[in-house]
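Everything below belongs to work.txt, which stores compact mmCIF, C-alpha atoms.
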# COMPACT_ATOMS: atom_id res chain seq x y z
CA ASN A 16 49.18 153.98 111.11
CA SER A 17 50.05 155.25 114.57
CA LEU A 18 52.45 157.96 115.70
CA THR A 19 54.64 157.63 118.78
CA ALA A 20 56.63 160.39 120.45
CA LYS A 21 59.79 158.71 119.14
CA ASP A 22 58.41 158.73 115.58
CA LEU A 23 57.62 162.43 115.84
CA GLU A 24 61.08 163.15 117.23
CA LEU A 25 62.65 161.32 114.28
CA LEU A 26 60.57 163.28 111.77
CA ASN A 27 61.43 166.59 113.38
CA SER A 28 65.13 165.75 113.31
CA ARG A 29 64.85 166.83 109.66
CA TYR A 30 63.97 170.38 110.70
CA LEU A 31 66.92 172.70 110.15
CA HIS A 32 66.16 176.21 111.34
CA GLY A 33 67.06 178.88 108.80
CA PHE A 34 68.24 176.43 106.14
CA VAL A 35 68.47 177.96 102.64
CA PRO A 36 69.49 175.56 99.85
CA GLU A 37 72.15 176.48 97.34
CA GLU A 38 70.89 177.32 93.85
CA GLU A 39 72.23 174.09 92.36
CA GLU A 40 70.84 171.75 95.04
CA ASP A 41 67.46 171.30 93.29
CA TYR A 42 65.22 171.21 96.35
CA VAL A 43 61.46 171.29 95.71
CA ILE A 44 59.26 172.89 98.35
CA LEU A 45 55.99 171.03 98.94
CA ALA A 46 53.37 173.31 100.49
CA THR A 47 49.76 172.80 101.48
CA HIS A 48 48.19 175.92 99.93
CA ASN A 49 48.35 177.58 96.51
CA ARG A 50 49.15 181.03 97.95
CA MET A 51 52.27 179.65 99.67
CA VAL A 52 53.47 178.12 96.41
CA GLU A 53 52.83 181.26 94.36
CA ASP A 54 54.60 183.51 96.90
CA THR A 55 57.67 181.25 96.95
CA ASN A 56 57.96 180.94 93.17
CA GLU A 57 57.54 184.67 92.59
CA LYS A 58 60.16 185.48 95.26
CA ARG A 59 62.72 183.05 93.85
CA LEU A 60 62.16 184.35 90.34
CA ARG A 61 62.76 187.95 91.47
CA GLU A 62 66.04 186.92 93.09
CA ILE A 63 67.57 185.81 89.76
CA ASP A 64 69.65 188.59 88.22
CA GLU A 65 68.63 187.88 84.63
CA PRO A 66 66.13 189.49 82.21
CA LEU A 67 62.49 188.49 82.69
CA HIS A 68 60.78 186.88 79.69
CA ARG A 69 57.00 186.68 79.32
CA PHE A 70 55.27 184.09 77.15
CA GLU A 71 51.58 184.61 76.51
CA ALA A 72 49.44 181.59 75.68
CA LEU A 73 47.53 181.53 72.39
CA ILE A 74 43.92 180.73 73.25
CA GLN A 75 41.32 180.16 70.55
CA GLY A 76 37.66 179.19 70.65
CA THR A 77 36.14 178.09 73.95
CA PHE A 78 38.60 177.29 76.75
CA PRO A 79 37.45 178.14 80.31
CA GLU A 80 40.06 179.82 82.50
CA ASN A 81 39.63 177.26 85.26
CA SER A 82 40.64 174.56 82.76
CA TYR A 83 43.87 176.18 81.56
CA PRO A 84 46.54 173.44 81.53
CA ALA A 85 49.39 175.95 81.98
CA ASP A 86 49.93 179.62 82.85
CA ALA A 87 48.21 182.02 80.47
CA MET A 88 51.20 184.33 81.03
CA LEU A 89 54.32 182.29 81.71
CA LYS A 90 57.17 184.28 83.32
CA LEU A 91 60.66 182.79 83.12
CA LYS A 92 64.31 183.71 83.58
CA GLU A 93 67.48 181.83 82.77
CA GLY A 94 68.23 179.81 85.89
CA ALA A 95 64.57 179.25 86.84
CA GLN A 96 63.58 175.86 88.23
CA VAL A 97 60.64 174.49 86.26
CA MET A 98 58.40 171.44 86.02
CA PHE A 99 57.07 169.89 82.81
CA LEU A 100 53.29 169.72 82.52
CA ARG A 101 52.83 166.89 80.04
CA ASN A 102 54.53 163.83 78.62
CA ASP A 103 56.84 164.22 75.65
CA ARG A 104 56.07 162.02 72.65
CA ASN A 105 59.84 161.47 72.27
CA LYS A 106 60.08 160.46 75.95
CA ARG A 107 62.61 163.18 76.83
CA PHE A 108 60.45 164.40 79.70
CA TYR A 109 57.22 163.56 81.49
CA ASN A 110 54.54 165.31 83.48
CA GLY A 111 56.17 166.34 86.76
CA LYS A 112 59.81 166.16 85.68
CA ILE A 113 61.98 168.95 87.12
CA GLY A 114 64.49 170.94 85.07
CA HIS A 115 66.29 174.29 84.90
CA VAL A 116 66.06 176.93 82.19
CA VAL A 117 69.59 177.47 80.86
CA GLU A 118 68.94 179.77 77.91
CA ILE A 119 66.17 181.93 76.48
CA SER A 120 67.16 183.50 73.16
CA VAL A 121 66.15 183.90 69.53
CA GLU A 122 67.34 180.32 69.03
CA GLY A 123 64.75 178.99 71.47
CA LEU A 124 64.10 177.97 75.07
CA TYR A 125 66.52 175.41 76.49
CA VAL A 126 66.05 173.37 79.67
CA GLU A 127 68.61 171.23 81.46
CA LEU A 128 67.22 167.91 82.73
CA PRO A 129 68.39 166.25 85.98
CA GLU A 130 70.40 163.72 83.96
CA GLY A 131 72.46 166.56 82.48
CA GLU A 132 70.90 166.60 79.01
CA ILE A 133 69.96 170.02 77.61
CA ILE A 134 66.90 170.03 75.36
CA SER A 135 65.02 172.58 73.30
CA VAL A 136 61.43 172.98 74.50
CA GLU A 137 58.66 173.88 72.05
CA ARG A 138 55.17 175.19 72.66
CA GLU A 139 52.50 172.50 72.97
CA GLU A 140 48.80 172.53 72.11
CA TRP A 141 45.99 171.33 74.35
CA GLY A 142 42.49 170.90 73.01
CA ASN A 143 39.13 171.51 74.66
CA ILE A 144 36.96 168.65 73.45
CA ARG A 145 33.19 168.53 73.64
CA TYR A 146 31.64 165.06 73.57
CA SER A 147 28.16 164.29 72.30
CA TRP A 148 26.14 161.22 71.45
CA ASP A 149 25.33 160.54 67.80
CA SER A 150 22.08 158.61 68.00
CA LYS A 151 22.14 157.77 64.29
CA GLU A 152 25.63 156.26 64.40
CA SER A 153 25.26 155.05 68.00
CA LYS A 154 28.64 156.41 69.02
CA VAL A 155 30.33 159.22 70.93
CA VAL A 156 31.41 162.12 68.75
CA GLU A 157 34.33 164.41 69.62
CA GLU A 158 34.32 168.07 68.64
CA ALA A 159 37.28 170.42 69.20
CA ILE A 160 35.76 173.68 70.45
CA GLY A 161 38.93 175.41 71.66
CA SER A 162 42.70 175.22 71.91
CA PHE A 163 45.42 176.40 74.29
CA VAL A 164 49.03 176.76 73.09
CA GLN A 165 51.85 177.39 75.58
CA TYR A 166 55.21 176.05 76.72
CA PRO A 167 54.52 172.95 78.88
CA LEU A 168 56.36 174.45 81.86
CA LYS A 169 55.65 176.10 85.19
CA LEU A 170 57.86 177.52 87.92
CA ALA A 171 58.67 174.73 90.36
CA TRP A 172 60.75 175.85 93.28
CA ALA A 173 57.51 175.07 95.09
CA ILE A 174 54.41 173.03 94.22
CA THR A 175 51.36 172.02 96.22
CA VAL A 176 51.20 168.66 97.97
CA HIS A 177 48.08 167.92 95.93
CA LYS A 178 49.91 168.49 92.61
CA SER A 179 52.84 166.36 93.80
CA GLN A 180 50.82 163.13 94.00
CA GLY A 181 52.40 160.48 91.80
CA LEU A 182 55.72 162.36 91.56
CA THR A 183 59.07 161.58 93.21
CA PHE A 184 61.95 163.90 94.12
CA ASP A 185 65.48 163.42 95.46
CA ARG A 186 65.28 166.47 97.76
CA ILE A 187 62.25 168.19 99.23
CA ILE A 188 61.54 170.91 101.76
CA ALA A 189 58.17 170.10 103.31
CA ASP A 190 56.14 173.12 104.47
CA LEU A 191 53.41 171.30 106.40
CA GLU A 192 52.58 173.64 109.26
CA GLU A 193 49.11 174.26 107.77
CA ALA A 194 48.33 170.64 106.81
CA PHE A 195 44.57 170.20 106.87
CA ALA A 196 43.58 166.92 105.17
CA PRO A 197 43.96 163.24 106.16
CA GLY A 198 47.06 161.77 104.57
CA GLN A 199 48.46 165.14 103.46
CA VAL A 200 51.64 164.84 105.53
CA TYR A 201 52.15 161.26 104.32
CA VAL A 202 51.74 162.27 100.66
CA ALA A 203 54.30 165.06 101.04
CA LEU A 204 56.97 163.04 102.86
CA SER A 205 56.56 159.97 100.66
CA ARG A 206 57.37 162.01 97.54
CA CYS A 207 61.05 161.92 98.54
CA THR A 208 63.19 158.93 97.55
CA THR A 209 65.24 158.96 100.79
CA PHE A 210 64.70 160.09 104.37
CA SER A 211 67.97 162.06 104.21
CA GLY A 212 66.56 164.02 101.28
CA ILE A 213 63.72 165.41 103.42
CA LEU A 214 63.95 168.76 105.16
CA LEU A 215 61.16 170.40 107.15
CA LYS A 216 60.51 174.13 106.90
CA THR A 217 58.76 174.04 110.28
CA PRO A 218 58.48 171.30 112.92
CA ILE A 219 55.55 168.89 112.49
CA SER A 220 53.03 168.68 115.30
CA SER A 221 50.99 165.57 116.05
CA ARG A 222 47.84 167.54 115.15
CA ALA A 223 49.06 167.93 111.57
CA ILE A 224 49.15 164.16 110.99
CA LYS A 225 45.66 162.88 110.27
CA THR A 226 44.64 159.39 109.17
CA ASP A 227 41.37 158.48 107.49
CA PRO A 228 39.41 155.93 109.62
CA VAL A 229 38.82 153.84 106.48
CA VAL A 230 42.59 153.45 106.07
CA LEU A 231 42.94 152.30 109.69
CA GLU A 232 40.26 149.67 109.16
CA PHE A 233 42.01 148.38 106.02
CA ALA A 234 45.39 148.31 107.75
CA GLY A 235 44.00 145.96 110.38
CA ASN A 236 43.99 143.21 107.74
CA GLU A 237 47.56 143.74 106.48
CA THR A 238 50.12 141.01 105.86
CA PRO A 239 52.23 140.21 108.96
CA GLU A 240 55.33 142.38 109.01
CA THR A 241 57.67 139.47 109.76
CA LEU A 242 56.76 137.77 106.46
CA ILE A 243 57.50 140.89 104.45
CA ILE A 244 60.86 141.46 106.17
CA SER A 245 61.86 137.85 105.62
CA GLU A 246 61.27 138.17 101.87
CA LEU A 247 63.17 141.45 101.63
CA GLU A 248 66.22 140.11 103.46
CA SER A 249 66.74 137.47 100.76
CA GLY A 250 69.38 138.70 98.32
CA LYS A 251 69.46 142.19 99.84
CA ALA A 252 73.19 142.77 99.32
CA ASP A 253 73.12 141.84 95.63
CA ASN A 254 70.11 144.06 95.13
CA TYR A 255 71.94 147.01 96.71
CA LEU A 256 74.91 146.48 94.39
CA LYS A 257 72.67 146.34 91.30
CA ARG A 258 70.93 149.52 92.40
CA ALA A 259 74.32 151.18 92.95
CA LEU A 260 75.40 150.34 89.40
CA THR A 261 72.11 151.52 87.93
CA ALA A 262 72.28 154.81 89.84
CA TYR A 263 75.94 155.33 88.85
CA PHE A 264 75.27 154.94 85.13
CA SER A 265 72.19 157.16 85.51
CA ARG A 266 74.45 159.81 87.10
CA ASP A 267 72.54 159.69 90.38
CA TYR A 268 75.80 159.67 92.32
CA ASP A 269 74.41 160.30 95.81
CA LYS A 270 72.14 157.28 95.48
CA ALA A 271 74.97 155.20 93.99
CA GLN A 272 77.31 155.78 96.92
CA SER A 273 74.50 155.18 99.42
CA MET A 274 73.53 151.87 97.79
CA LEU A 275 77.17 150.76 97.54
CA LEU A 276 77.73 151.43 101.24
CA GLU A 277 74.65 149.36 102.03
CA SER A 278 75.98 146.56 99.81
CA VAL A 279 79.32 146.54 101.67
CA SER A 280 77.60 146.50 105.07
CA GLN A 281 75.29 143.62 104.04
CA SER A 282 77.89 141.53 102.19
CA LYS A 283 80.50 139.02 103.24
CA GLY A 284 83.41 137.35 101.46
CA VAL A 285 83.22 137.54 97.65
CA GLY A 286 80.21 139.87 97.71
CA LYS A 287 82.03 142.45 99.83
CA LYS A 288 85.12 142.25 97.59
CA ARG A 289 82.95 142.92 94.53
CA ALA A 290 81.41 145.99 96.15
CA LEU A 291 84.79 147.36 97.25
CA LYS A 292 86.25 146.71 93.80
CA LEU A 293 83.43 148.73 92.23
CA ALA A 294 84.11 151.60 94.66
CA ALA A 295 87.84 151.59 93.85
CA PHE A 296 87.09 151.50 90.11
CA ALA A 297 84.78 154.53 90.32
CA VAL A 298 87.35 156.55 92.29
CA ASP A 299 90.25 155.62 90.03
CA ARG A 300 88.30 156.43 86.88
CA PHE A 301 87.22 159.81 88.23
CA LEU A 302 90.73 160.84 89.30
CA ARG A 303 92.25 159.75 85.98
CA ASN A 304 89.73 161.71 83.90
CA GLY A 305 89.21 164.73 86.16
CA GLN A 306 92.40 166.67 85.44
CA LEU A 307 92.09 165.94 81.71
CA LEU A 308 88.61 167.49 81.75
CA ILE A 309 89.85 170.61 83.57
CA ASP A 310 92.77 171.07 81.14
CA ASN A 311 90.48 170.68 78.12
CA VAL A 312 87.93 173.15 79.50
CA ASN A 313 90.61 175.76 80.29
CA SER A 314 92.08 175.46 76.81
CA GLY A 315 88.67 175.58 75.10
CA MET A 316 87.52 178.67 77.00
CA ARG A 317 90.74 180.57 76.21
CA ASP A 318 90.45 179.80 72.50
CA PHE A 319 86.79 180.78 72.33
CA GLU A 320 87.12 184.05 74.29
CA GLN A 321 90.14 185.07 72.21
CA GLY A 322 88.40 184.29 68.93
CA PHE A 323 85.25 186.09 70.06
CA SER A 324 87.05 189.28 71.11
CA GLU A 325 89.15 189.42 67.93
CA ASN A 326 86.32 188.87 65.47
CA ASP A 327 83.11 190.78 66.10
CA SER A 328 81.55 189.11 63.06
CA LEU A 329 81.31 185.93 65.13
CA ARG A 330 78.44 187.45 67.08
CA GLY A 331 75.12 186.06 66.02
CA THR A 332 76.67 183.63 63.53
CA ARG A 333 75.94 179.93 63.49
CA SER A 334 79.54 179.25 64.59
CA ASN A 335 79.04 181.39 67.70
CA LEU A 336 75.71 179.76 68.50
CA ASP A 337 77.33 176.34 68.26
CA LYS A 338 80.10 177.47 70.58
CA ARG A 339 77.65 178.75 73.19
CA LYS A 340 75.82 175.43 73.06
CA GLU A 341 79.17 173.72 73.62
CA ILE A 342 79.70 175.90 76.71
CA ARG A 343 76.33 174.75 78.05
CA ARG A 344 77.36 171.13 77.52
CA VAL A 345 80.64 171.78 79.36
CA GLN A 346 78.76 173.38 82.26
CA THR A 347 76.51 170.35 82.48
CA LYS A 348 79.45 167.94 82.45
CA LEU A 349 81.28 169.90 85.15
CA LYS A 350 78.17 170.00 87.30
CA GLY A 351 77.85 166.23 87.08
CA GLN A 352 81.54 165.65 87.84
CA ILE A 353 81.38 167.94 90.89
CA LYS A 354 78.46 165.93 92.22
CA LEU A 355 80.41 162.73 91.56
CA ALA A 356 83.45 164.10 93.42
CA GLU A 357 81.33 164.96 96.45
CA ALA A 358 79.62 161.55 96.43
CA LEU A 359 82.94 159.70 96.12
CA HIS A 360 84.43 161.78 98.94
CA VAL A 361 81.53 160.81 101.22
CA MET A 362 81.77 157.15 100.16
CA VAL A 363 85.51 156.77 100.75
CA SER A 364 85.30 158.61 104.09
CA LYS A 365 82.54 156.30 105.31
CA LEU A 366 84.25 153.16 104.01
CA SER A 367 87.40 154.21 105.86
CA ASP A 368 85.58 155.12 109.10
CA GLN A 369 83.13 152.21 109.23
CA PHE A 370 85.01 149.34 107.62
CA ASP A 371 88.68 150.40 107.42
CA GLU A 372 88.92 148.48 104.16
CA PHE A 373 89.50 151.11 101.46
CA PRO A 374 93.14 151.13 100.20
CA GLN A 375 95.08 154.39 100.80
CA ALA A 376 91.92 156.05 102.08
CA LYS A 377 93.57 159.17 103.54
CA GLU A 378 95.50 159.96 100.36
CA THR A 379 92.41 159.28 98.21
CA ILE A 380 90.21 161.56 100.32
CA GLU A 381 92.76 164.39 99.95
CA ARG A 382 92.95 163.93 96.18
CA LEU A 383 89.16 163.92 95.84
CA GLY A 384 88.92 167.09 97.91
CA LYS A 385 91.50 168.90 95.77
CA MET A 386 89.81 167.75 92.57
CA SER A 387 86.43 168.99 93.81
CA VAL A 388 87.91 172.43 94.60
CA SER A 389 89.55 172.64 91.16
CA MET A 390 86.35 171.69 89.38
CA ASN A 391 84.31 174.24 91.31
CA GLN A 392 86.85 176.92 90.37
CA ILE A 393 86.75 176.06 86.67
CA ALA A 394 82.94 175.89 86.76
CA ARG A 395 82.87 179.47 88.09
CA THR A 396 85.31 180.50 85.35
CA VAL A 397 83.07 178.98 82.66
CA LYS A 398 79.99 180.66 84.13
CA GLU A 399 81.69 184.08 84.16
CA GLY A 400 82.98 183.53 80.62
CA LYS A 401 79.49 182.74 79.39
CA LYS A 402 78.10 185.89 81.04
CA LYS A 403 80.78 188.05 79.37
CA ILE A 404 79.99 186.53 75.99
CA SER A 405 76.26 187.06 76.50
CA ARG A 406 76.80 190.72 77.46
CA LYS A 407 78.99 191.29 74.39
CA ASN A 408 76.43 189.60 72.20
CA LYS A 409 73.64 191.88 73.51
CA THR A 410 75.72 195.01 72.76

Here is the file; what I need is its structure written in the form of structure tokens.
Amino acid sequence: NSLTAKDLELLNSRYLHGFVPEEEEDYVILATHNRMVEDTNEKRLREIDEPLHRFEALIQGTFPENSYPADAMLKLKEGAQVMFLRNDRNKRFYNGKIGHVVEISVEGLYVELPEGEIISVEREEWGNIRYSWDSKESKVVEEAIGSFVQYPLKLAWAITVHKSQGLTFDRIIADLEEAFAPGQVYVALSRCTTFSGILLKTPISSRAIKTDPVVLEFAGNETPETLIISELESGKADNYLKRALTAYFSRDYDKAQSMLLESVSQSKGVGKKRALKLAAFAVDRFLRNGQLLIDNVNSGMRDFEQGFSENDSLRGTRSNLDKRKEIRRVQTKLKGQIKLAEALHVMVSKLSDQFDEFPQAKETIERLGKMSVSMNQIARTVKEGKKKISRKNKT
């Protein structure tokens, strides 16, 4: 609960002047004021070269405007970054989960989740409930006096620090120049799962970091730091390896390679061999399956484009709709494999530089680099193919 010059220097090392994230990097901007968030979201939406779709909420009965749970007029485009506004009863998404709109058509609204799954999103209903006391029955009575029906989504390239409380993100851009409340900077920075995932839009000044005096008083009675560190050191390497495996199977490849590197650095003997064996397995599996995926995608796209151009009756049919959904699934798989290639490239490079213990590291790094280039090329081909099909379908 104190800030030294060295601490401030470390924080501001995450300031990259003029940084603009790539579309697929999924950064969320955390800003201190609503106007900053609205300006950012509207600007990013305008930059997408796709048709604009408007979805008006259905409001019945009494529902005050200041209590609307979502936008009364939701504006979306394919490619927009969005956030879910409530929990799904089927547990596909939760309040605060980030996704990307991949299709808006007569078939529905489809959103790609961070895990790669593409789901159809339906409109949801919120109720405005009035509570009263029934003296005869001696109980609280609920009465629905209004309803609000809308897609549970909002644009989410940027959200306010206040709305971000309780949420976590892999990558954030913190816009904290106008921070005004105690703990606001802490809330924003602590939303990110790693320090490397934080970027600052502007440098942070010491004036922006405010601590509530009540918090300082409470911190004076904290548990000694040495006891906490001692407990955490116990079994640290095994914990890193477990977290690496969990992240890998959850397709969080950046976290997986980071945790595996930590496991190698913390381990000795058998533990280090286990970690290195896992790394080699992941690389070997990726290289074996990568070219097969590219060949299958190339073949599938040629067959579909040829069949589509030769038979106009395919347009609008169920067969065509199924094919376009298959293209979306292919795009998602390629996106995940490209991320895996990049994470493996970083992992092998660091294992070679820091530990000099990865077999045939130079050759492996070259193969991973070539595979990443090939996958990016085929991903662009699939994207262009989908656009051509969409344009033909609209004509």

Using CA of Val116 (chain A) and CA of Ile74 (chain A) as the two end points, give the distance in Å to one decimal.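 Distance reported for this atom pair: 24.2 Å.
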
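If you measure from each of A:Thr261, A:Ser220, A:Ser389, A:Thr347 to Thr19 (chain A) using all atoms listed in the file, the closest one turns out to be A:Ser220.
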
Compare A:Leu191, A:Met98, A:Leu73, A:Leu366 by their minimum atom-to-atom distance to Gly142 (chain A), counting all atoms listed in the file, and give me the closest one. A:Leu73

With only C-alpha atoms as the counted atoms, please give the residues lying no more than 12 Å from Arg222 (chain A), apart from itself and same-chain residues fewer than 4 positions off, as a list in words.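 Skipping anything fewer than 4 positions along the chain leaves Leu18, Leu23, Leu191, Glu192, Glu193, Ala194, Phe195, Ala196, Pro197, Gln199, Val200, Pro218 and Thr226 of chain A.
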
Write the residues of the preceding selection, restricted to C-alpha atoms, as a PDB file, in the frame of the given file.
ATOM      1  CA  LEU A  18      52.450 157.960 115.700  1.00  0.00           C
ATOM      2  CA  LEU A  23      57.620 162.430 115.840  1.00  0.00           C
ATOM      3  CA  LEU A 191      53.410 171.300 106.400  1.00  0.00           C
ATOM      4  CA  GLU A 192      52.580 173.640 109.260  1.00  0.00           C
ATOM      5  CA  GLU A 193      49.110 174.260 107.770  1.00  0.00           C
ATOM      6  CA  ALA A 194      48.330 170.640 106.810  1.00  0.00           C
ATOM      7  CA  PHE A 195      44.570 170.200 106.870  1.00  0.00           C
ATOM      8  CA  ALA A 196      43.580 166.920 105.170  1.00  0.00           C
ATOM      9  CA  PRO A 197      43.960 163.240 106.160  1.00  0.00           C
ATOM     10  CA  GLN A 199      48.460 165.140 103.460  1.00  0.00           C
ATOM     11  CA  VAL A 200      51.640 164.840 105.530  1.00  0.00           C
ATOM     12  CA  PRO A 218      58.480 171.300 112.920  1.00  0.00           C
ATOM     13  CA  THR A 226      44.640 159.390 109.170  1.00  0.00           C
TER      14      THR A 226
END

One decimal, Å: what's the distance from CA of Leu170 (chain A) over to CA of Gln346 (chain A), could you say?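 CA of Gln346 (chain A) lies at a distance of 22.0 Å from CA of Leu170 (chain A).
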
So the first atom is CA of Phe78 (chain A) and the second is CA of Ser135 (chain A); what is the distance between them in Å, to one decimal place?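 Spanning CA of Phe78 (chain A) to CA of Ser135 (chain A) is a straight-line distance of 27.1 Å.
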